[in-house]
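Let me begin by presenting the structure, written as structure tokens, before commenting on it.
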Amino acid sequence: MNERILGLHHITAIAGNAQRNYDFYTKVLGLRLVKKTVNFDDPGTYHFYYGNEEGSPGTILTFFPWQHVKRGQIGSGMATEIGYSVPAGSLDFWEDRFKEFKVSYGIRGEKFGEQFLPFHDPDGLHINLIVAKNADERRPWETPAIKKEMATKGFHNVTLLLNEKDDTEKILIDIFGYRFSSQEGNRFRYITDAVENASIIDIIEAPESKPGINAGGTNHHVAFRVANEETQMMFREKLVREYLQVTPKINRDYFYSIYFREPGGVLFEIATENPGFTVDEPLDDLGNNLMLPVQYENLRADIEKNLPVLKR
């Protein structure tokens, strides 16, 4: 199992106002801020990681909050919907909560025999709360307002919007070890049995869809999980043999990453489980302090001065 893709690791999206993003994901959705750091390529911008107590792979949604970013446009070559697993019987609670906090949400529906409640975050990011067919036993992060019987468990799936699915399907099945599961209209579902949760990729095939514009309220990339760097390098070799342009291994402090753009245009990452979010903070303190990559530590005073103040 350790030499396989272990489902989703994290998903990264683009937001606008940092305070608004923090308030929504911690106070409305009830996720834990497990890491407050900066964008490796733009240290004047936060990088927030939200998830469960310890930031387990498969629960982590991350954001680059660019204060004055323009609204993006959903289109082909993008991950367009994030699916969170929630307990059976919790959708009434979430619908009432969305009404209370004036969250934009839609009508409940069903896909592949699973109930879902669609909504948008304040920047317009598309998210679904999904009651999975199989009980999700992951332990969620609880807050005074959101108990474990209602709380999100982590990712259920992510949806890719593509003009044509076949070459992406080849990557998922032949290299990543997913299998085709089922189809509803132009939506195709792929699943891996390497893990019990965060194991589903949906593809919507839409030949006439125009390319998306990656900006506020859109997903930046989708990261898949591997156990360690050795497995990561094995997958890198497989991808290079398919003539894909793959980055070298990059140290992201909390995991190691490689990136490539899959044939349909979506930016994919393969990220390791190690070393995890407690490498520089104890579990109880996760997300409480601004943690900087070592190359920026000598600039801490200037960085802290220029970042927006975040009220907890």
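Here's how to read the names in the structure tokens: chain A, B, ... by the order shown, residue numbers from 1 in each chain, ligand numbers from 1 in the order shown.
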Which residues in region 46-270 of chain A does DSSP call helix (DSSP H, G or I)? List them as a PyMOL selection string.
chain A and resi 91-100+166-175+229-241
List every residue of region 12-251 of chain A that DSSP, applied to the backbone of this structure, places in strand (DSSP E), and write the result as a short mmCIF file (atom, residue, chain, number, x, y, z; two decimals) with N, CA, C and O atoms, in the first residue's frame.
```cif
data_model
loop_
_atom_site.label_atom_id
_atom_site.label_comp_id
_atom_site.auth_asym_id
_atom_site.auth_seq_id
_atom_site.Cartn_x
_atom_site.Cartn_y
_atom_site.Cartn_z
N THR A 12 -5.53 23.27 -2.87
CA THR A 12 -5.17 24.68 -2.65
C THR A 12 -6.01 25.58 -3.54
O THR A 12 -6.18 25.31 -4.73
N ALA A 13 -6.54 26.65 -2.95
CA ALA A 13 -7.42 27.58 -3.65
C ALA A 13 -6.95 29.01 -3.42
O ALA A 13 -6.06 29.27 -2.60
N ILE A 14 -7.56 29.93 -4.15
CA ILE A 14 -7.21 31.35 -4.08
C ILE A 14 -8.37 32.10 -3.44
O ILE A 14 -9.53 31.91 -3.82
N ALA A 15 -8.05 32.96 -2.49
CA ALA A 15 -9.05 33.77 -1.81
C ALA A 15 -8.69 35.24 -1.93
O ALA A 15 -7.63 35.60 -2.46
N ARG A 32 -10.17 23.68 11.67
CA ARG A 32 -9.06 24.19 12.46
C ARG A 32 -8.02 24.82 11.54
O ARG A 32 -7.66 24.22 10.52
N LEU A 33 -7.55 26.00 11.90
CA LEU A 33 -6.38 26.56 11.22
C LEU A 33 -5.16 25.83 11.79
O LEU A 33 -4.77 26.07 12.93
N VAL A 34 -4.58 24.94 10.99
CA VAL A 34 -3.47 24.14 11.50
C VAL A 34 -2.11 24.74 11.17
O VAL A 34 -1.10 24.34 11.77
N LYS A 35 -2.08 25.69 10.23
CA LYS A 35 -0.81 26.34 9.93
C LYS A 35 -1.07 27.70 9.32
O LYS A 35 -1.87 27.86 8.40
N LYS A 36 -0.39 28.69 9.91
CA LYS A 36 -0.39 30.05 9.37
C LYS A 36 1.02 30.37 8.94
O LYS A 36 1.91 30.55 9.76
N THR A 37 1.24 30.41 7.64
CA THR A 37 2.56 30.68 7.11
C THR A 37 2.42 31.62 5.92
O THR A 37 1.42 32.35 5.84
N VAL A 38 3.42 31.63 5.04
CA VAL A 38 3.37 32.52 3.88
C VAL A 38 3.60 31.73 2.61
O VAL A 38 4.16 30.62 2.63
N ASN A 39 3.18 32.32 1.51
CA ASN A 39 3.42 31.75 0.19
C ASN A 39 4.93 31.70 -0.07
O ASN A 39 5.62 32.70 0.08
N ASP A 42 5.78 34.20 -2.64
CA ASP A 42 5.30 35.56 -2.40
C ASP A 42 5.12 35.74 -0.90
O ASP A 42 4.02 35.65 -0.38
N PRO A 43 6.21 35.98 -0.16
CA PRO A 43 6.13 36.01 1.30
C PRO A 43 5.32 37.16 1.86
O PRO A 43 5.09 37.22 3.06
N GLY A 44 4.84 38.05 1.00
CA GLY A 44 3.94 39.11 1.44
C GLY A 44 2.50 38.66 1.48
O GLY A 44 1.60 39.45 1.79
N THR A 45 2.26 37.37 1.19
CA THR A 45 0.92 36.78 1.19
C THR A 45 0.87 35.61 2.15
O THR A 45 1.79 34.78 2.19
N TYR A 46 -0.19 35.53 2.94
CA TYR A 46 -0.37 34.38 3.81
C TYR A 46 -0.54 33.10 3.00
O TYR A 46 -0.95 33.10 1.84
N HIS A 47 -0.27 31.98 3.67
CA HIS A 47 -0.71 30.67 3.21
C HIS A 47 -1.36 30.01 4.41
O HIS A 47 -0.70 29.71 5.40
N PHE A 48 -2.69 29.82 4.34
CA PHE A 48 -3.47 29.21 5.42
C PHE A 48 -3.73 27.75 5.10
O PHE A 48 -4.07 27.40 3.96
N TYR A 49 -3.64 26.91 6.13
CA TYR A 49 -3.97 25.49 6.01
C TYR A 49 -5.08 25.19 7.02
O TYR A 49 -4.89 25.38 8.22
N TYR A 50 -6.22 24.70 6.54
CA TYR A 50 -7.34 24.33 7.40
C TYR A 50 -7.55 22.82 7.34
O TYR A 50 -7.46 22.21 6.26
N GLY A 51 -7.90 22.21 8.49
CA GLY A 51 -8.16 20.78 8.47
C GLY A 51 -8.69 20.28 9.79
O GLY A 51 -9.36 21.00 10.52
N ILE A 60 -7.00 18.63 4.38
CA ILE A 60 -6.38 19.96 4.34
C ILE A 60 -6.80 20.75 3.11
O ILE A 60 -6.51 20.37 1.96
N LEU A 61 -7.47 21.86 3.36
CA LEU A 61 -7.78 22.86 2.33
C LEU A 61 -6.91 24.07 2.61
O LEU A 61 -6.92 24.61 3.71
N THR A 62 -6.13 24.50 1.63
CA THR A 62 -5.20 25.61 1.84
C THR A 62 -5.57 26.77 0.93
O THR A 62 -6.18 26.59 -0.12
N PHE A 63 -5.18 27.98 1.36
CA PHE A 63 -5.52 29.19 0.62
C PHE A 63 -4.34 30.14 0.52
O PHE A 63 -3.59 30.33 1.48
N PHE A 64 -4.25 30.76 -0.64
CA PHE A 64 -3.44 31.96 -0.83
C PHE A 64 -4.42 33.14 -0.82
O PHE A 64 -5.15 33.34 -1.80
N PRO A 65 -4.51 33.90 0.25
CA PRO A 65 -5.43 35.05 0.26
C PRO A 65 -4.76 36.32 -0.24
O PRO A 65 -4.05 36.99 0.52
N MET A 78 -9.69 22.94 -14.92
CA MET A 78 -9.68 23.34 -13.52
C MET A 78 -10.35 22.27 -12.66
O MET A 78 -11.19 21.51 -13.14
N ALA A 79 -9.96 22.27 -11.38
CA ALA A 79 -10.77 21.58 -10.37
C ALA A 79 -11.86 22.56 -9.97
O ALA A 79 -11.57 23.68 -9.56
N THR A 80 -13.11 22.16 -10.12
CA THR A 80 -14.20 23.12 -9.99
C THR A 80 -15.08 22.93 -8.76
O THR A 80 -15.78 23.86 -8.37
N GLU A 81 -15.09 21.75 -8.16
CA GLU A 81 -15.92 21.50 -6.97
C GLU A 81 -15.13 20.69 -5.96
O GLU A 81 -14.45 19.72 -6.33
N ILE A 82 -15.22 21.08 -4.71
CA ILE A 82 -14.63 20.32 -3.61
C ILE A 82 -15.75 19.67 -2.83
O ILE A 82 -16.75 20.32 -2.50
N GLY A 83 -15.62 18.38 -2.54
CA GLY A 83 -16.63 17.68 -1.77
C GLY A 83 -16.11 17.32 -0.38
O GLY A 83 -15.07 16.66 -0.25
N TYR A 84 -16.82 17.78 0.66
CA TYR A 84 -16.50 17.44 2.04
C TYR A 84 -17.47 16.38 2.54
O TYR A 84 -18.68 16.47 2.33
N SER A 85 -16.95 15.39 3.24
CA SER A 85 -17.77 14.37 3.85
C SER A 85 -18.37 14.88 5.16
O SER A 85 -17.67 15.48 5.98
N GLY A 109 -29.18 17.90 -3.57
CA GLY A 109 -29.30 17.00 -4.71
C GLY A 109 -28.72 15.65 -4.39
O GLY A 109 -28.39 15.34 -3.23
N GLU A 110 -28.58 14.84 -5.42
CA GLU A 110 -28.00 13.51 -5.26
C GLU A 110 -27.13 13.19 -6.47
O GLU A 110 -27.54 13.41 -7.61
N LYS A 111 -25.94 12.71 -6.21
CA LYS A 111 -25.02 12.23 -7.24
C LYS A 111 -24.49 10.87 -6.80
O LYS A 111 -24.09 10.71 -5.65
N GLU A 114 -25.56 9.60 -3.50
CA GLU A 114 -25.15 10.30 -2.28
C GLU A 114 -25.78 11.68 -2.24
O GLU A 114 -25.72 12.44 -3.21
N GLN A 115 -26.39 12.03 -1.11
CA GLN A 115 -26.99 13.34 -0.94
C GLN A 115 -25.89 14.40 -0.79
O GLN A 115 -24.86 14.16 -0.16
N PHE A 116 -26.16 15.58 -1.35
CA PHE A 116 -25.19 16.66 -1.18
C PHE A 116 -25.92 18.00 -1.06
O PHE A 116 -27.03 18.18 -1.56
N LEU A 117 -25.24 18.93 -0.37
CA LEU A 117 -25.72 20.30 -0.21
C LEU A 117 -24.65 21.22 -0.78
O LEU A 117 -23.55 21.31 -0.22
N PRO A 118 -24.94 21.93 -1.88
CA PRO A 118 -23.94 22.80 -2.48
C PRO A 118 -23.94 24.19 -1.86
O PRO A 118 -24.99 24.70 -1.46
N PHE A 119 -22.76 24.81 -1.77
CA PHE A 119 -22.67 26.19 -1.28
C PHE A 119 -21.40 26.84 -1.84
O PHE A 119 -20.56 26.18 -2.46
N HIS A 120 -21.29 28.14 -1.62
CA HIS A 120 -20.12 28.90 -2.05
C HIS A 120 -19.51 29.58 -0.84
O HIS A 120 -20.23 30.06 0.04
N HIS A 126 -16.68 26.82 -5.08
CA HIS A 126 -17.77 25.84 -5.09
C HIS A 126 -17.43 24.66 -4.18
O HIS A 126 -16.41 23.99 -4.38
N ILE A 127 -18.28 24.39 -3.20
CA ILE A 127 -18.07 23.29 -2.26
C ILE A 127 -19.39 22.55 -2.07
O ILE A 127 -20.46 23.15 -2.09
N ASN A 128 -19.30 21.23 -1.91
CA ASN A 128 -20.46 20.41 -1.59
C ASN A 128 -20.23 19.70 -0.27
O ASN A 128 -19.13 19.18 -0.02
N LEU A 129 -21.25 19.66 0.57
CA LEU A 129 -21.25 18.79 1.74
C LEU A 129 -21.95 17.50 1.32
O LEU A 129 -23.09 17.54 0.83
N ILE A 130 -21.29 16.37 1.51
CA ILE A 130 -21.77 15.11 0.96
C ILE A 130 -21.90 14.07 2.05
O ILE A 130 -20.99 13.87 2.87
N GLY A 154 -13.50 15.75 6.40
CA GLY A 154 -12.40 15.84 5.45
C GLY A 154 -12.94 15.70 4.05
O GLY A 154 -14.16 15.65 3.83
N PHE A 155 -12.06 15.59 3.08
CA PHE A 155 -12.50 15.51 1.69
C PHE A 155 -13.22 14.19 1.40
O PHE A 155 -12.84 13.13 1.91
N HIS A 156 -14.23 14.31 0.56
CA HIS A 156 -14.87 13.14 -0.02
C HIS A 156 -14.40 12.96 -1.46
O HIS A 156 -14.00 11.88 -1.86
N ASN A 157 -14.43 14.06 -2.21
CA ASN A 157 -14.01 13.99 -3.61
C ASN A 157 -13.61 15.38 -4.10
O ASN A 157 -13.77 16.38 -3.39
N VAL A 158 -13.09 15.42 -5.31
CA VAL A 158 -12.87 16.68 -6.01
C VAL A 158 -13.27 16.45 -7.46
O VAL A 158 -13.15 15.33 -7.98
N THR A 159 -13.81 17.49 -8.09
CA THR A 159 -14.32 17.39 -9.46
C THR A 159 -13.45 18.20 -10.41
O THR A 159 -13.14 19.36 -10.14
N LEU A 160 -13.05 17.58 -11.53
CA LEU A 160 -12.28 18.24 -12.57
C LEU A 160 -13.19 18.50 -13.76
O LEU A 160 -13.95 17.61 -14.17
N LEU A 161 -13.13 19.69 -14.33
CA LEU A 161 -13.89 20.03 -15.53
C LEU A 161 -12.93 20.03 -16.71
O LEU A 161 -11.96 20.83 -16.75
N LEU A 162 -13.16 19.15 -17.68
CA LEU A 162 -12.23 18.96 -18.79
C LEU A 162 -12.98 18.98 -20.12
O LEU A 162 -14.14 18.58 -20.19
N ARG A 179 -9.50 3.43 -10.42
CA ARG A 179 -10.31 2.64 -11.35
C ARG A 179 -11.58 3.40 -11.66
O ARG A 179 -12.07 4.19 -10.84
N PHE A 180 -12.10 3.19 -12.87
CA PHE A 180 -13.39 3.77 -13.22
C PHE A 180 -14.47 3.12 -12.38
O PHE A 180 -14.52 1.89 -12.26
N SER A 181 -15.34 3.94 -11.79
CA SER A 181 -16.37 3.42 -10.90
C SER A 181 -17.75 3.48 -11.54
O SER A 181 -18.46 2.48 -11.61
N SER A 182 -18.16 4.66 -12.01
CA SER A 182 -19.51 4.80 -12.55
C SER A 182 -19.63 6.12 -13.31
O SER A 182 -18.74 6.98 -13.28
N GLN A 183 -20.76 6.26 -13.99
CA GLN A 183 -21.01 7.44 -14.83
C GLN A 183 -22.45 7.89 -14.65
O GLN A 183 -23.38 7.08 -14.57
N GLU A 184 -22.63 9.21 -14.56
CA GLU A 184 -23.95 9.83 -14.60
C GLU A 184 -23.89 10.97 -15.60
O GLU A 184 -23.26 11.99 -15.34
N ARG A 187 -20.66 13.07 -16.23
CA ARG A 187 -19.83 13.02 -15.02
C ARG A 187 -19.34 11.59 -14.83
O ARG A 187 -20.14 10.65 -14.77
N PHE A 188 -18.02 11.45 -14.70
CA PHE A 188 -17.39 10.14 -14.58
C PHE A 188 -16.67 10.08 -13.24
O PHE A 188 -15.97 11.01 -12.85
N ARG A 189 -16.83 8.96 -12.54
CA ARG A 189 -16.26 8.81 -11.20
C ARG A 189 -15.14 7.77 -11.22
O ARG A 189 -15.29 6.67 -11.77
N TYR A 190 -14.03 8.14 -10.53
CA TYR A 190 -12.87 7.27 -10.40
C TYR A 190 -12.54 7.15 -8.92
O TYR A 190 -12.63 8.13 -8.18
N ILE A 191 -12.12 5.97 -8.49
CA ILE A 191 -11.91 5.74 -7.07
C ILE A 191 -10.69 4.85 -6.87
O ILE A 191 -10.37 4.01 -7.72
N ILE A 200 -11.85 9.78 -4.07
CA ILE A 200 -12.67 9.87 -5.28
C ILE A 200 -12.30 11.09 -6.11
O ILE A 200 -12.14 12.19 -5.59
N ILE A 201 -12.16 10.87 -7.42
CA ILE A 201 -11.99 11.95 -8.40
C ILE A 201 -13.15 11.86 -9.38
O ILE A 201 -13.40 10.80 -9.96
N ASP A 202 -13.87 12.96 -9.54
CA ASP A 202 -14.91 13.03 -10.56
C ASP A 202 -14.41 13.89 -11.72
O ASP A 202 -13.71 14.89 -11.50
N ILE A 203 -14.75 13.48 -12.93
CA ILE A 203 -14.45 14.27 -14.12
C ILE A 203 -15.76 14.62 -14.81
O ILE A 203 -16.58 13.74 -15.08
N ILE A 204 -15.96 15.91 -15.08
CA ILE A 204 -17.04 16.35 -15.95
C ILE A 204 -16.42 16.63 -17.31
O ILE A 204 -15.51 17.46 -17.43
N GLU A 205 -16.89 15.92 -18.33
CA GLU A 205 -16.38 16.10 -19.68
C GLU A 205 -17.30 17.07 -20.42
O GLU A 205 -18.47 16.78 -20.65
N ASN A 219 -9.88 27.01 -7.61
CA ASN A 219 -8.86 26.10 -7.09
C ASN A 219 -7.56 26.26 -7.87
O ASN A 219 -7.58 26.34 -9.11
N HIS A 220 -6.47 26.31 -7.16
CA HIS A 220 -5.15 26.47 -7.78
C HIS A 220 -4.57 25.13 -8.20
O HIS A 220 -4.06 24.98 -9.31
N HIS A 221 -4.61 24.14 -7.31
CA HIS A 221 -4.11 22.81 -7.66
C HIS A 221 -4.68 21.75 -6.74
O HIS A 221 -5.24 22.06 -5.68
N VAL A 222 -4.53 20.51 -7.17
CA VAL A 222 -4.99 19.34 -6.41
C VAL A 222 -3.77 18.50 -6.09
O VAL A 222 -2.99 18.15 -6.99
N ALA A 223 -3.60 18.17 -4.81
CA ALA A 223 -2.44 17.39 -4.37
C ALA A 223 -2.86 15.98 -3.97
O ALA A 223 -3.80 15.79 -3.20
N PHE A 224 -2.13 15.00 -4.50
CA PHE A 224 -2.33 13.60 -4.17
C PHE A 224 -1.29 13.17 -3.15
O PHE A 224 -0.19 13.70 -3.09
N ARG A 225 -1.64 12.18 -2.37
CA ARG A 225 -0.85 11.77 -1.20
C ARG A 225 -0.03 10.52 -1.48
O ARG A 225 -0.54 9.55 -2.05
N VAL A 226 1.23 10.55 -1.06
CA VAL A 226 2.06 9.35 -1.01
C VAL A 226 2.71 9.26 0.37
O VAL A 226 2.81 10.25 1.09
N ILE A 250 10.42 19.45 -4.21
CA ILE A 250 10.48 20.76 -3.54
C ILE A 250 10.10 20.58 -2.08
O ILE A 250 9.08 19.94 -1.77
N ASN A 251 10.89 21.14 -1.19
CA ASN A 251 10.61 21.07 0.24
C ASN A 251 9.61 22.16 0.61
O ASN A 251 9.90 23.34 0.52
#
```
Calculated over only C-alpha atoms, which of the candidates A:Arg236, A:Lys305, A:Arg20, A:Lys170 has the smallest distance to Asp123 (chain A)?
A:Arg20
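Contact shell of Glu196 (chain A) at 10 Å (only C-alpha atoms; same-chain neighbours under 2 positions omitted): Leu6, Gly7, Asn134, Ala135, Asp136, Glu137, Arg138, His156, Ile191, Thr192, Asp193, Ala194, Ala198, Ser199 and Ile200 of chain A.
Considering the residues A:Thr218, A:Asn289, A:Thr168, A:Ser76 and counting only C-alpha atoms, Ala206 (chain A) has its shortest atom-to-atom contact with A:Ser76.
Minimum atom-to-atom distance to Pro57 (chain A), evaluated using only C-alpha atoms, belongs to A:Phe277 out of A:Tyr25, A:Phe98, A:Phe277, A:Phe176.
Among A:Arg4, A:Lys102, A:Arg71, A:His10, the residue with the shortest atom-to-atom distance to Ala271 (chain A), counting only C-alpha atoms, is A:His10.
Nearest-residue note for Glu53 (chain A): choosing from A:Val86, A:Val240, A:Leu31, A:Val266, the minimum distance belongs to A:Leu31, counting only C-alpha atoms.
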Which residues are close to Ala227 (chain A), i.e. within 6 Å by only C-alpha atoms, leaving aside same-chain residues fewer than 6 positions away? Reply as a ChimeraX atom specification.
/A:2,272-273
For those residues, write N, CA and C atoms to a file as a CSV table (one decimal), in the first residue's frame.
```csv
chain,number,residue,atom,x,y,z
A,2,ASN,N,2.0,1.2,0.7
A,2,ASN,CA,2.8,2.4,0.8
A,2,ASN,C,3.4,2.9,-0.5
A,272,THR,N,4.1,14.3,0.0
A,272,THR,CA,4.4,13.2,1.0
A,272,THR,C,3.6,13.5,2.3
A,273,GLU,N,3.5,12.4,3.1
A,273,GLU,CA,2.9,12.5,4.4
A,273,GLU,C,3.9,13.1,5.4
```
Min atom-atom distance to Asp167 (chain A) from the set A:Glu100, A:Glu237, A:Glu208, A:Glu262, counting only C-alpha atoms, belongs to A:Glu262
Please report the interatomic distance between CA of Phe40 (chain A) and CA of Gly264 (chain A) in Å with one decimal.
26.0 Å
